[in-house]
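Novice: Data file work28.pdb (PDB, C-alpha atoms) is appended below.
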ATOM      1  CA  MET T 250       0.000   0.000   0.000
ATOM      2  CA  THR T 251       1.237   3.495  -0.848
ATOM      3  CA  ILE T 252       1.077   6.126   1.903
ATOM      4  CA  GLN T 253       0.707   9.770   0.941
ATOM      5  CA  VAL T 254       1.067  12.555   3.489
ATOM      6  CA  ARG T 255       0.100  16.032   2.271
ATOM      7  CA  ASP T 256       0.738  19.309   4.119
ATOM      8  CA  ILE T 257       0.254  17.840   7.581
ATOM      9  CA  SER T 258       0.481  20.295  10.488
ATOM     10  CA  LYS T 259       0.088  19.565  14.190
ATOM     11  CA  GLN T 260       0.483  21.780  17.249
ATOM     12  CA  PHE T 261       0.336  20.855  20.945
ATOM     13  CA  ASP T 262      -0.425  24.004  22.956
ATOM     14  CA  ARG T 263       2.323  26.355  21.741
ATOM     15  CA  HIS T 264       4.630  23.615  20.477
ATOM     16  CA  VAL T 265       4.634  23.072  16.694
ATOM     17  CA  ALA T 266       5.148  19.324  16.204
ATOM     18  CA  LEU T 267       4.661  19.258  12.405
ATOM     19  CA  ASP T 268       4.739  22.149   9.972
ATOM     20  CA  ARG T 269       3.184  21.403   6.543
ATOM     21  CA  VAL T 270       4.892  18.026   6.190
ATOM     22  CA  SER T 271       4.495  16.064   2.946
ATOM     23  CA  LEU T 272       5.850  12.573   2.275
ATOM     24  CA  GLU T 273       5.176   9.629  -0.033
ATOM     25  CA  VAL T 274       5.955   6.086   1.108
ATOM     26  CA  PRO T 275       6.082   3.732  -1.904
ATOM     27  CA  ARG T 276       4.218   0.437  -1.886
ATOM     28  CA  GLY T 277       6.292  -2.374  -0.366
ATOM     29  CA  SER T 278       9.074  -0.080   0.829
ATOM     30  CA  LEU T 279      10.655   0.230   4.261
ATOM     31  CA  THR T 280      10.957   3.955   4.962
ATOM     32  CA  ALA T 281      12.659   5.328   8.072
ATOM     33  CA  LEU T 282      11.721   8.601   9.763
ATOM     34  CA  LEU T 283      15.058   9.697  11.211
ATOM     35  CA  GLY T 284      15.724  12.692  13.407
ATOM     36  CA  PRO T 285      16.625  13.960  16.862
ATOM     37  CA  SER T 286      14.192  13.938  19.773
ATOM     38  CA  GLY T 287      11.415  16.464  19.261
ATOM     39  CA  SER T 288      11.780  16.588  15.480
ATOM     40  CA  GLY T 289       8.202  15.378  14.903
ATOM     41  CA  LYS T 290       8.831  11.861  13.644
ATOM     42  CA  SER T 291       6.716   9.991  16.226
ATOM     43  CA  THR T 292       3.882  12.520  15.870
ATOM     44  CA  LEU T 293       3.865  11.948  12.105
ATOM     45  CA  LEU T 294       3.758   8.174  12.632
ATOM     46  CA  ARG T 295       0.856   8.482  15.089
ATOM     47  CA  ILE T 296      -1.072  10.666  12.634
ATOM     48  CA  ILE T 297      -0.573   8.056   9.884
ATOM     49  CA  ALA T 298      -1.883   5.442  12.337
ATOM     50  CA  GLY T 299      -4.882   7.585  13.283
ATOM     51  CA  LEU T 300      -3.790   7.857  16.929
ATOM     52  CA  GLU T 301      -3.472  11.647  16.541
ATOM     53  CA  THR T 302      -5.605  14.031  14.478
ATOM     54  CA  PRO T 303      -3.808  16.604  12.301
ATOM     55  CA  ASP T 304      -4.714  20.279  12.550
ATOM     56  CA  ALA T 305      -4.360  20.541   8.765
ATOM     57  CA  GLY T 306      -3.497  18.305   5.829
ATOM     58  CA  ARG T 307      -4.624  14.890   4.571
ATOM     59  CA  ILE T 308      -3.478  11.241   4.717
ATOM     60  CA  TRP T 309      -4.076   8.742   1.904
ATOM     61  CA  ILE T 310      -3.442   4.995   2.080
ATOM     62  CA  ASP T 311      -3.612   3.165  -1.247
ATOM     63  CA  GLY T 312      -5.414   6.114  -2.802
ATOM     64  CA  SER T 313      -8.120   6.386  -0.122
ATOM     65  CA  ASP T 314      -8.359   9.431   2.121
ATOM     66  CA  VAL T 315      -8.147   8.049   5.679
ATOM     67  CA  THR T 316      -7.692  11.354   7.510
ATOM     68  CA  GLY T 317     -10.958  10.945   9.392
ATOM     69  CA  VAL T 318     -10.952   7.144   9.541
ATOM     70  CA  ARG T 319     -10.608   5.423  12.918
ATOM     71  CA  PRO T 320      -7.315   3.558  13.561
ATOM     72  CA  GLN T 321      -9.059   0.158  13.629
ATOM     73  CA  ARG T 322     -10.321   0.663  10.074
ATOM     74  CA  ARG T 323      -7.030   1.753   8.482
ATOM     75  CA  GLY T 324      -5.549  -1.746   8.124
ATOM     76  CA  ILE T 325      -2.439  -0.807  10.105
ATOM     77  CA  GLY T 326      -0.188  -2.834  12.403
ATOM     78  CA  PHE T 327       1.585  -0.768  15.074
ATOM     79  CA  VAL T 328       4.598  -1.757  17.223
ATOM     80  CA  PHE T 329       5.799   0.516  20.014
ATOM     81  CA  GLN T 330       9.195   0.671  21.728
ATOM     82  CA  HIS T 331       7.728  -0.921  24.850
ATOM     83  CA  TYR T 332       5.943  -4.080  23.761
ATOM     84  CA  ALA T 333       2.489  -4.132  25.380
ATOM     85  CA  ALA T 334       2.220  -7.890  25.856
ATOM     86  CA  PHE T 335      -0.666  -9.518  27.688
ATOM     87  CA  LYS T 336       1.268 -11.024  30.594
ATOM     88  CA  HIS T 337      -1.414 -13.593  31.459
ATOM     89  CA  MET T 338      -1.494 -14.941  27.881
ATOM     90  CA  THR T 339       0.941 -17.335  26.226
ATOM     91  CA  VAL T 340       3.041 -16.230  23.284
ATOM     92  CA  ARG T 341       0.668 -18.101  20.978
ATOM     93  CA  ASN T 342      -2.402 -16.354  22.406
ATOM     94  CA  ASN T 343      -0.693 -12.947  22.306
ATOM     95  CA  ILE T 344       0.071 -13.361  18.610
ATOM     96  CA  GLY T 345      -3.415 -14.611  17.801
ATOM     97  CA  PHE T 346      -5.253 -12.023  19.897
ATOM     98  CA  GLY T 347      -6.199  -9.746  16.988
ATOM     99  CA  LEU T 348      -7.612 -12.685  15.038
ATOM    100  CA  SER T 349      -9.604 -13.842  18.082
ATOM    101  CA  VAL T 350     -11.144 -10.375  18.447
ATOM    102  CA  ARG T 351     -12.163 -10.619  14.785
ATOM    103  CA  ARG T 352     -13.786 -13.996  15.588
ATOM    104  CA  ARG T 353     -11.782 -15.916  13.014
ATOM    105  CA  PRO T 354     -12.158 -19.736  13.077
ATOM    106  CA  LYS T 355      -9.887 -21.482  15.597
ATOM    107  CA  ALA T 356      -8.234 -23.606  12.909
ATOM    108  CA  GLU T 357      -7.411 -20.479  10.893
ATOM    109  CA  ILE T 358      -5.944 -18.753  13.960
ATOM    110  CA  ARG T 359      -3.838 -21.797  14.839
ATOM    111  CA  ALA T 360      -2.452 -22.068  11.294
ATOM    112  CA  ARG T 361      -1.688 -18.331  11.097
ATOM    113  CA  VAL T 362       0.041 -18.309  14.486
ATOM    114  CA  ASP T 363       2.125 -21.363  13.548
ATOM    115  CA  GLU T 364       3.152 -19.605  10.348
ATOM    116  CA  LEU T 365       4.160 -16.439  12.213
ATOM    117  CA  LEU T 366       6.039 -18.323  14.945
ATOM    118  CA  ALA T 367       8.190 -19.760  12.164
ATOM    119  CA  ILE T 368       8.616 -16.402  10.422
ATOM    120  CA  VAL T 369       9.774 -14.614  13.602
ATOM    121  CA  GLN T 370      11.901 -17.596  14.700
ATOM    122  CA  LEU T 371       9.944 -18.407  17.861
ATOM    123  CA  GLU T 372       9.061 -22.017  17.000
ATOM    124  CA  GLY T 373       8.753 -24.109  20.147
ATOM    125  CA  LEU T 374       8.119 -21.057  22.345
ATOM    126  CA  GLY T 375       4.403 -20.627  21.692
ATOM    127  CA  ASP T 376       3.361 -22.040  25.061
ATOM    128  CA  ARG T 377       5.643 -19.786  27.079
ATOM    129  CA  TYR T 378       4.580 -16.535  28.718
ATOM    130  CA  PRO T 379       6.126 -13.140  27.852
ATOM    131  CA  SER T 380       8.054 -13.086  31.150
ATOM    132  CA  GLN T 381       9.866 -16.242  30.005
ATOM    133  CA  LEU T 382      11.228 -14.581  26.846
ATOM    134  CA  SER T 383      14.253 -12.377  26.325
ATOM    135  CA  GLY T 384      13.765  -8.745  25.319
ATOM    136  CA  GLY T 385      14.538  -9.522  21.700
ATOM    137  CA  GLN T 386      12.127 -12.454  21.670
ATOM    138  CA  ARG T 387       9.337 -10.319  23.164
ATOM    139  CA  GLN T 388       9.863  -7.703  20.468
ATOM    140  CA  ARG T 389       9.657 -10.370  17.765
ATOM    141  CA  MET T 390       6.435 -11.580  19.388
ATOM    142  CA  ALA T 391       5.083  -8.013  19.200
ATOM    143  CA  LEU T 392       5.935  -7.854  15.496
ATOM    144  CA  ALA T 393       4.258 -11.203  14.885
ATOM    145  CA  ARG T 394       1.117  -9.953  16.677
ATOM    146  CA  ALA T 395       1.064  -6.852  14.459
ATOM    147  CA  LEU T 396       1.466  -8.995  11.321
ATOM    148  CA  ALA T 397      -1.172 -11.561  12.333
ATOM    149  CA  VAL T 398      -4.085  -9.571  10.908
ATOM    150  CA  ASP T 399      -2.338  -9.040   7.537
ATOM    151  CA  PRO T 400      -2.000  -5.253   7.875
ATOM    152  CA  ALA T 401      -1.737  -3.150   4.759
ATOM    153  CA  VAL T 402       0.850  -1.004   6.537
ATOM    154  CA  LEU T 403       3.254  -1.726   9.408
ATOM    155  CA  LEU T 404       4.300   1.202  11.636
ATOM    156  CA  LEU T 405       7.248   0.781  14.029
ATOM    157  CA  ASP T 406       7.976   3.425  16.687
ATOM    158  CA  GLU T 407      11.540   2.963  18.006
ATOM    159  CA  PRO T 408      10.876  -0.808  18.237
ATOM    160  CA  PHE T 409      14.392  -1.710  19.399
ATOM    161  CA  GLY T 410      15.174   1.348  21.516
ATOM    162  CA  ALA T 411      14.815  -0.454  24.864
ATOM    163  CA  LEU T 412      17.243  -3.252  23.939
ATOM    164  CA  ASP T 413      21.015  -3.492  24.328
ATOM    165  CA  ALA T 414      23.323  -2.781  21.395
ATOM    166  CA  ARG T 415      24.051  -6.418  20.484
ATOM    167  CA  VAL T 416      20.367  -7.417  20.439
ATOM    168  CA  ARG T 417      19.455  -4.257  18.477
ATOM    169  CA  GLY T 418      22.014  -5.191  15.827
ATOM    170  CA  GLU T 419      20.642  -8.715  15.537
ATOM    171  CA  LEU T 420      17.038  -7.503  15.297
ATOM    172  CA  ARG T 421      17.889  -4.893  12.648
ATOM    173  CA  ARG T 422      19.240  -7.615  10.388
ATOM    174  CA  TRP T 423      16.275  -9.825  11.212
ATOM    175  CA  LEU T 424      13.775  -7.023  10.476
ATOM    176  CA  ARG T 425      15.359  -6.429   7.068
ATOM    177  CA  ARG T 426      14.998 -10.127   6.193
ATOM    178  CA  LEU T 427      11.425 -10.141   7.532
ATOM    179  CA  HIS T 428      10.507  -7.158   5.373
ATOM    180  CA  GLU T 429      11.923  -8.806   2.256
ATOM    181  CA  GLN T 430       9.839 -11.876   3.075
ATOM    182  CA  THR T 431       6.521 -10.106   3.817
ATOM    183  CA  GLU T 432       6.832  -7.020   1.538
ATOM    184  CA  VAL T 433       4.483  -5.058   3.828
ATOM    185  CA  THR T 434       4.746  -1.279   3.386
ATOM    186  CA  THR T 435       6.627  -0.269   6.536
ATOM    187  CA  VAL T 436       7.482   3.006   8.265
ATOM    188  CA  LEU T 437      10.118   2.918  11.010
ATOM    189  CA  VAL T 438      10.762   5.753  13.465
ATOM    190  CA  THR T 439      14.314   5.902  14.809
ATOM    191  CA  HIS T 440      16.909   8.385  16.050
ATOM    192  CA  ASP T 441      19.710   5.906  15.247
ATOM    193  CA  GLN T 442      21.462   6.755  11.970
ATOM    194  CA  GLU T 443      23.106   3.334  11.718
ATOM    195  CA  GLU T 444      19.776   1.602  12.214
ATOM    196  CA  ALA T 445      18.154   3.680   9.474
ATOM    197  CA  MET T 446      21.023   3.066   7.059
ATOM    198  CA  GLU T 447      21.069  -0.679   7.682
ATOM    199  CA  VAL T 448      17.330  -1.342   7.538
ATOM    200  CA  ALA T 449      15.615   1.223   5.304
ATOM    201  CA  ASP T 450      15.198   1.557   1.533
ATOM    202  CA  ARG T 451      14.525   5.277   1.965
ATOM    203  CA  ILE T 452      15.073   7.725   4.804
ATOM    204  CA  ALA T 453      13.205  10.929   5.587
ATOM    205  CA  VAL T 454      15.404  13.130   7.785
ATOM    206  CA  MET T 455      13.327  15.344  10.102
ATOM    207  CA  ASP T 456      14.238  18.412  12.156
ATOM    208  CA  HIS T 457      12.161  21.117  13.853
ATOM    209  CA  ALA T 458       8.799  19.788  12.619
ATOM    210  CA  GLN T 459       9.844  19.508   8.965
ATOM    211  CA  ILE T 460      11.364  16.977   6.584
ATOM    212  CA  ARG T 461      14.791  18.191   5.472
ATOM    213  CA  GLN T 462      15.597  15.525   2.867
ATOM    214  CA  VAL T 463      14.266  12.191   1.593
ATOM    215  CA  GLY T 464      16.259   9.581  -0.293
ATOM    216  CA  PRO T 465      18.140   6.274  -0.202
ATOM    217  CA  PRO T 466      20.699   5.966   2.626
ATOM    218  CA  ARG T 467      23.736   6.282   0.367
ATOM    219  CA  GLU T 468      22.365   9.409  -1.323
ATOM    220  CA  LEU T 469      21.765  11.147   2.000
ATOM    221  CA  TYR T 470      25.237  10.257   3.231
ATOM    222  CA  ASP T 471      27.119  11.106   0.034
ATOM    223  CA  ASP T 472      24.978  13.991  -1.237
ATOM    224  CA  PRO T 473      23.228  15.757   1.666
ATOM    225  CA  SER T 474      21.172  18.751   0.607
ATOM    226  CA  ASN T 475      21.931  20.944   3.628
ATOM    227  CA  PRO T 476      24.302  21.275   6.607
ATOM    228  CA  PHE T 477      21.844  19.712   9.074
ATOM    229  CA  VAL T 478      21.616  16.451   7.102
ATOM    230  CA  MET T 479      25.387  16.456   6.576
ATOM    231  CA  GLU T 480      26.079  16.785  10.299
ATOM    232  CA  PHE T 481      23.253  14.559  11.525
ATOM    233  CA  PHE T 482      23.796  11.771   9.024
ATOM    234  CA  GLY T 483      27.189  10.538  10.182
ATOM    235  CA  THR T 484      30.287  12.068  11.743
ATOM    236  CA  VAL T 485      31.678  15.157  10.022
ATOM    237  CA  ASN T 486      34.514  17.656  10.485
ATOM    238  CA  ARG T 487      34.267  21.402   9.929
ATOM    239  CA  VAL T 488      37.363  22.740   8.193
ATOM    240  CA  GLY T 489      36.774  26.433   7.559
ATOM    241  CA  ASP T 490      33.576  26.630   5.494
ATOM    242  CA  ALA T 491      33.914  23.016   4.347
ATOM    243  CA  PHE T 492      32.394  19.814   5.735
ATOM    244  CA  VAL T 493      34.654  16.742   5.572
ATOM    245  CA  ARG T 494      33.823  13.148   6.487
ATOM    246  CA  PRO T 495      36.443  11.400   8.687
ATOM    247  CA  HIS T 496      37.291   8.874   5.960
ATOM    248  CA  ASP T 497      37.913  11.772   3.551
ATOM    249  CA  LEU T 498      40.743  13.166   5.699
ATOM    250  CA  LYS T 499      44.115  12.020   4.393
ATOM    251  CA  LEU T 500      47.036  11.899   6.811
ATOM    252  CA  HIS T 501      50.624  12.429   5.668
ATOM    253  CA  ARG T 502      53.968  12.295   7.442
ATOM    254  CA  SER T 503      55.340  15.223   5.441
ATOM    255  CA  PRO T 504      53.778  18.516   4.275
ATOM    256  CA  ASN T 505      52.965  18.863   0.589
ATOM    257  CA  GLY T 506      51.732  22.437   0.328
ATOM    258  CA  ALA T 507      48.037  21.560   0.709
ATOM    259  CA  THR T 508      48.188  20.139   4.223
ATOM    260  CA  GLN T 509      47.602  21.521   7.709
ATOM    261  CA  THR T 510      49.548  20.424  10.780
ATOM    262  CA  ALA T 511      47.840  18.446  13.550
ATOM    263  CA  THR T 512      48.788  16.339  16.566
ATOM    264  CA  VAL T 513      47.500  12.829  17.230
ATOM    265  CA  GLU T 514      45.614  13.052  20.538
ATOM    266  CA  ARG T 515      44.071   9.582  20.634
ATOM    267  CA  LEU T 516      43.956   6.383  18.579
ATOM    268  CA  VAL T 517      40.968   4.050  18.816
ATOM    269  CA  HIS T 518      41.360   0.632  17.184
ATOM    270  CA  LEU T 519      37.984  -0.728  16.007
ATOM    271  CA  GLY T 520      38.982  -3.935  14.257
ATOM    272  CA  PHE T 521      39.972  -3.131  10.687
ATOM    273  CA  VAL T 522      39.202   0.583  11.234
ATOM    274  CA  VAL T 523      41.277   3.028  13.259
ATOM    275  CA  ARG T 524      39.884   6.354  14.469
ATOM    276  CA  ALA T 525      42.448   9.095  14.976
ATOM    277  CA  ASP T 526      41.417  12.057  17.142
ATOM    278  CA  LEU T 527      43.524  15.045  16.096
ATOM    279  CA  VAL T 528      44.083  18.624  17.261
ATOM    280  CA  LYS T 529      45.231  21.273  14.780
ATOM    281  CA  ASP T 530      47.712  23.974  15.692
ATOM    282  CA  ASP T 531      44.822  26.418  16.114
ATOM    283  CA  GLY T 532      43.154  24.116  18.656
ATOM    284  CA  GLN T 533      40.435  22.755  16.370
ATOM    285  CA  ALA T 534      39.583  19.083  16.922
ATOM    286  CA  LEU T 535      39.336  16.730  13.922
ATOM    287  CA  THR T 536      38.508  13.053  13.534
ATOM    288  CA  ALA T 537      40.109  10.924  10.834
ATOM    289  CA  GLN T 538      39.197   7.360   9.919
ATOM    290  CA  LEU T 539      41.825   5.049   8.476
ATOM    291  CA  THR T 540      42.093   1.379   7.711
ATOM    292  CA  ALA T 541      44.280  -0.621  10.072
ATOM    293  CA  ASP T 542      46.777  -1.070   7.207
ATOM    294  CA  GLU T 543      46.938   2.701   6.590
ATOM    295  CA  ALA T 544      47.532   3.387  10.281
ATOM    296  CA  GLU T 545      50.266   0.733  10.455
ATOM    297  CA  HIS T 546      51.936   2.086   7.326
ATOM    298  CA  LEU T 547      52.027   5.579   8.835
ATOM    299  CA  GLY T 548      53.270   4.200  12.149
ATOM    300  CA  LEU T 549      50.922   6.477  14.072
ATOM    301  CA  GLU T 550      51.451   7.024  17.787
ATOM    302  CA  VAL T 551      49.739   9.350  20.248
ATOM    303  CA  GLY T 552      51.622  12.658  20.312
ATOM    304  CA  ASP T 553      52.854  12.411  16.693
ATOM    305  CA  ASN T 554      52.653  15.404  14.392
ATOM    306  CA  VAL T 555      50.874  14.676  11.098
ATOM    307  CA  PHE T 556      49.830  16.690   8.072
ATOM    308  CA  VAL T 557      46.173  16.666   7.112
ATOM    309  CA  ALA T 558      44.439  17.261   3.778
ATOM    310  CA  ALA T 559      40.875  16.697   2.571
ATOM    311  CA  ARG T 560      40.389  14.218  -0.251
ATOM    312  CA  ARG T 561      36.788  15.325  -0.608
ATOM    313  CA  GLU T 562      34.847  18.162   0.979
ATOM    314  CA  ARG T 563      31.424  19.769   0.756
ATOM    315  CA  VAL T 564      30.712  23.494   0.922
ATOM    316  CA  PHE T 565      27.099  24.687   1.166
ATOM    317  CA  LEU T 566      25.909  28.017  -0.146
ATOM    318  CA  GLU T 567      24.273  30.236   2.450
ATOM    319  CA  GLY T 568      20.714  28.996   3.018
ATOM    320  CA  GLU T 569      21.208  25.958   0.756
ATOM    321  CA  GLY T 570      18.662  23.200   1.301
ATOM    322  CA  ILE T 571      16.718  25.066   3.984
TER     323      ILE T 571
END
Would you write the structure of this file as structure tokens?
Specialist:
Amino acid sequence: MTIQVRDISKQFDRHVALDRVSLEVPRGSLTALLGPSGSGKSTLLRIIAGLETPDAGRIWIDGSDVTGVRPQRRGIGFVFQHYAAFKHMTVRNNIGFGLSVRRRPKAEIRARVDELLAIVQLEGLGDRYPSQLSGGQRQRMALARALAVDPAVLLLDEPFGALDARVRGELRRWLRRLHEQTEVTTVLVTHDQEEAMEVADRIAVMDHAQIRQVGPPRELYDDPSNPFVMEFFGTVNRVGDAFVRPHDLKLHRSPNGATQTATVERLVHLGFVVRADLVKDDGQALTAQLTADEAEHLGLEVGDNVFVAARRERVFLEGEGI
């Protein structure tokens, strides 16, 4: 199902949560709403779900205007950060709850739940209770419950935010595989740039109640349309008026006429990547990213003087992309 958002505005008291926001989510895509806290991304998701009413603007799902339609009639599955499991019900009954409410035949519910237990890799755990599952397993149960009623659209609001880093990484990869298997049009809210880049086909970057740029992850990283997206979407250095990614800083042992002098303040070895924290002569801090082989070839040590040049940089015109 295609989702179309047109000129949506929403204000809570004096706080403007959304300011004439428009967005199109293609059928079968996984689109991430990415932005800092307070940017409006969760409010936009709740308006798509029908849990909030916009002050202005319209929402279409598959060509139908659903702006005034109740949440239960929009064909949407919703998963929150804190999975609202029924503690007194087994995993199987939690997943099948929506079908039971719809009074589907017991045989149909049993077959659908068995199918979903396999899809979310919880086979053999259907008779357990939520308290007997790990955090990652409970979140997969919540996703299975949302998928049980065959939603036209799946909305995920920071679904992995309450989990530790290792489990989040595992579930991101699992969610990507699940999406490719189900092909349900999905919108994911997150403040985690890595999560958005790893999971989503398209990312809408939000800030101060507006969408600043929409595009595939690589496009937003390599070709940001404004300074906010450049700085929010990955680490960046400011060198004069230019923005430079850490991997675009080249370190030399000798000056070549285009370099600036800096001192190695710290080296962080991250497997095959080495992060070098530098301080220029004028006191400005820089971060460079090298491969382990590059760092070994340079023989870098804390306290060394190096010479820095940008292999690639981006300069924005005043007001560009705003």
Novice: Running the PyMOL selection byres ((chain T and resi 358) around 12) on this model by hand, what would come out? Give it as a list in words.
Specialist: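 Applied to this file, the PyMOL selection byres ((chain T and resi 358) around 12) returns Arg341, Asn342, Asn343, Ile344, Gly345, Phe346, Gly347, Leu348, Ser349, Val350, Arg351, Arg352, Arg353, Pro354, Lys355, Ala356, Glu357, Arg359, Ala360, Arg361, Val362, Asp363, Glu364, Leu365, Arg394, Ala397 and Val398 of chain T.
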Novice: Applied to the shown file, which residues does the PyMOL selection byres ((chain T and resi 372) around 12) return, written as number ranges by chain?
Specialist: T: 340-341, 362-371, 373-377, 386, 389-390
Novice: Could you turn the residues from that selection into a file that holds C-alpha atoms, as a PDB file, in the coordinates of the input?
Specialist:
ATOM      1  CA  VAL T 340       3.041 -16.230  23.284  1.00  0.00           C
ATOM      2  CA  ARG T 341       0.668 -18.101  20.978  1.00  0.00           C
ATOM      3  CA  VAL T 362       0.041 -18.309  14.486  1.00  0.00           C
ATOM      4  CA  ASP T 363       2.125 -21.363  13.548  1.00  0.00           C
ATOM      5  CA  GLU T 364       3.152 -19.605  10.348  1.00  0.00           C
ATOM      6  CA  LEU T 365       4.160 -16.439  12.213  1.00  0.00           C
ATOM      7  CA  LEU T 366       6.039 -18.323  14.945  1.00  0.00           C
ATOM      8  CA  ALA T 367       8.190 -19.760  12.164  1.00  0.00           C
ATOM      9  CA  ILE T 368       8.616 -16.402  10.422  1.00  0.00           C
ATOM     10  CA  VAL T 369       9.774 -14.614  13.602  1.00  0.00           C
ATOM     11  CA  GLN T 370      11.901 -17.596  14.700  1.00  0.00           C
ATOM     12  CA  LEU T 371       9.944 -18.407  17.861  1.00  0.00           C
ATOM     13  CA  GLY T 373       8.753 -24.109  20.147  1.00  0.00           C
ATOM     14  CA  LEU T 374       8.119 -21.057  22.345  1.00  0.00           C
ATOM     15  CA  GLY T 375       4.403 -20.627  21.692  1.00  0.00           C
ATOM     16  CA  ASP T 376       3.361 -22.040  25.061  1.00  0.00           C
ATOM     17  CA  ARG T 377       5.643 -19.786  27.079  1.00  0.00           C
ATOM     18  CA  GLN T 386      12.127 -12.454  21.670  1.00  0.00           C
ATOM     19  CA  ARG T 389       9.657 -10.370  17.765  1.00  0.00           C
ATOM     20  CA  MET T 390       6.435 -11.580  19.388  1.00  0.00           C
TER      21      MET T 390
END
Novice: Mind telling me what the PyMOL selection byres ((chain T and resi 412) around 10) catches here, as a PyMOL selection string?
Specialist: chain T and resi 330-331+383-385+388+408-411+413-418+420
Novice: Give, as lines of an AutoDock Vina configuration file, the centre coordinates and the x, y and z edge lengths in Å to one decimal for an axis-aligned box around all listed atoms of region 442-451 of chain T, padded by 5 Å on each side.
Specialist:
center_x = 18.8
center_y = 2.7
center_z = 6.9
size_x = 18.6
size_y = 18.1
size_z = 20.7
Novice: Would you pick out the contacts of region 424-432 of chain T at 8 Å or less, using all atoms listed in the file, so that residues sharing its chain but fewer than 5 positions from it are not included, and give the list as a VMD selection string?
Specialist: chain T and resid 277 to 279 368 to 369 448 to 449
Novice: What does the distance between CA of Leu404 (chain T) and CA of Pro320 (chain T) come to in Å, to one decimal place?
Specialist: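 Here the two named atoms are 12.0 Å from each other.
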Novice: Between CA of Pro465 (chain T) and CA of Met446 (chain T), what is the distance, to one decimal in Å?
Specialist: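 CA of Met446 (chain T) lies 8.4 Å from CA of Pro465 (chain T).
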Novice: Which one of T:Leu547, T:Ile460, T:Val555, T:Leu294 sits closest to Asp530 (chain T) if you count only C-alpha atoms?
Specialist: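 With only C-alpha atoms as the atom set, the closest residue is T:Val555.
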Novice: Report the distance between CA of Leu516 (chain T) and CA of Glu543 (chain T) in Å, rounded to one decimal place.
Specialist: 12.9 Å
Novice: Of the residues T:Glu419, T:Glu407, T:Gly306, T:Thr435, which is the one nearest to Arg276 (chain T), using only C-alpha atoms?
Specialist: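 Of all the options, T:Thr435 lies closest to Arg276 (chain T).
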Novice: Under the rule that only C-alpha atoms are counted, which of T:Val270, T:His337, T:Ser291, T:Arg515 is the nearest residue to Asp304 (chain T)?
Specialist: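 Closest candidate: T:Val270.
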Novice: Could you tell me which of T:Asn554, T:Asn475, T:Ser313, T:Thr280 comes closest to Glu514 (chain T) if we count only C-alpha atoms?
Specialist: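 Closest to Glu514 (chain T) of all the choices is T:Asn554.
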Novice: Dump as a tab-separated table the rows for residues of region 273-348 of chain T within 12 Å of region 482-499 of chain T: closest atom pair and distance in Å with one decimal, only C-alpha atoms counted, ordered by chain and rising residue number.
Specialist:
residue	atom	partner	partner_atom	distance
T:Leu283	CA	T:Phe482	CA	9.2
T:Gly284	CA	T:Phe482	CA	9.2
T:Pro285	CA	T:Phe482	CA	10.8
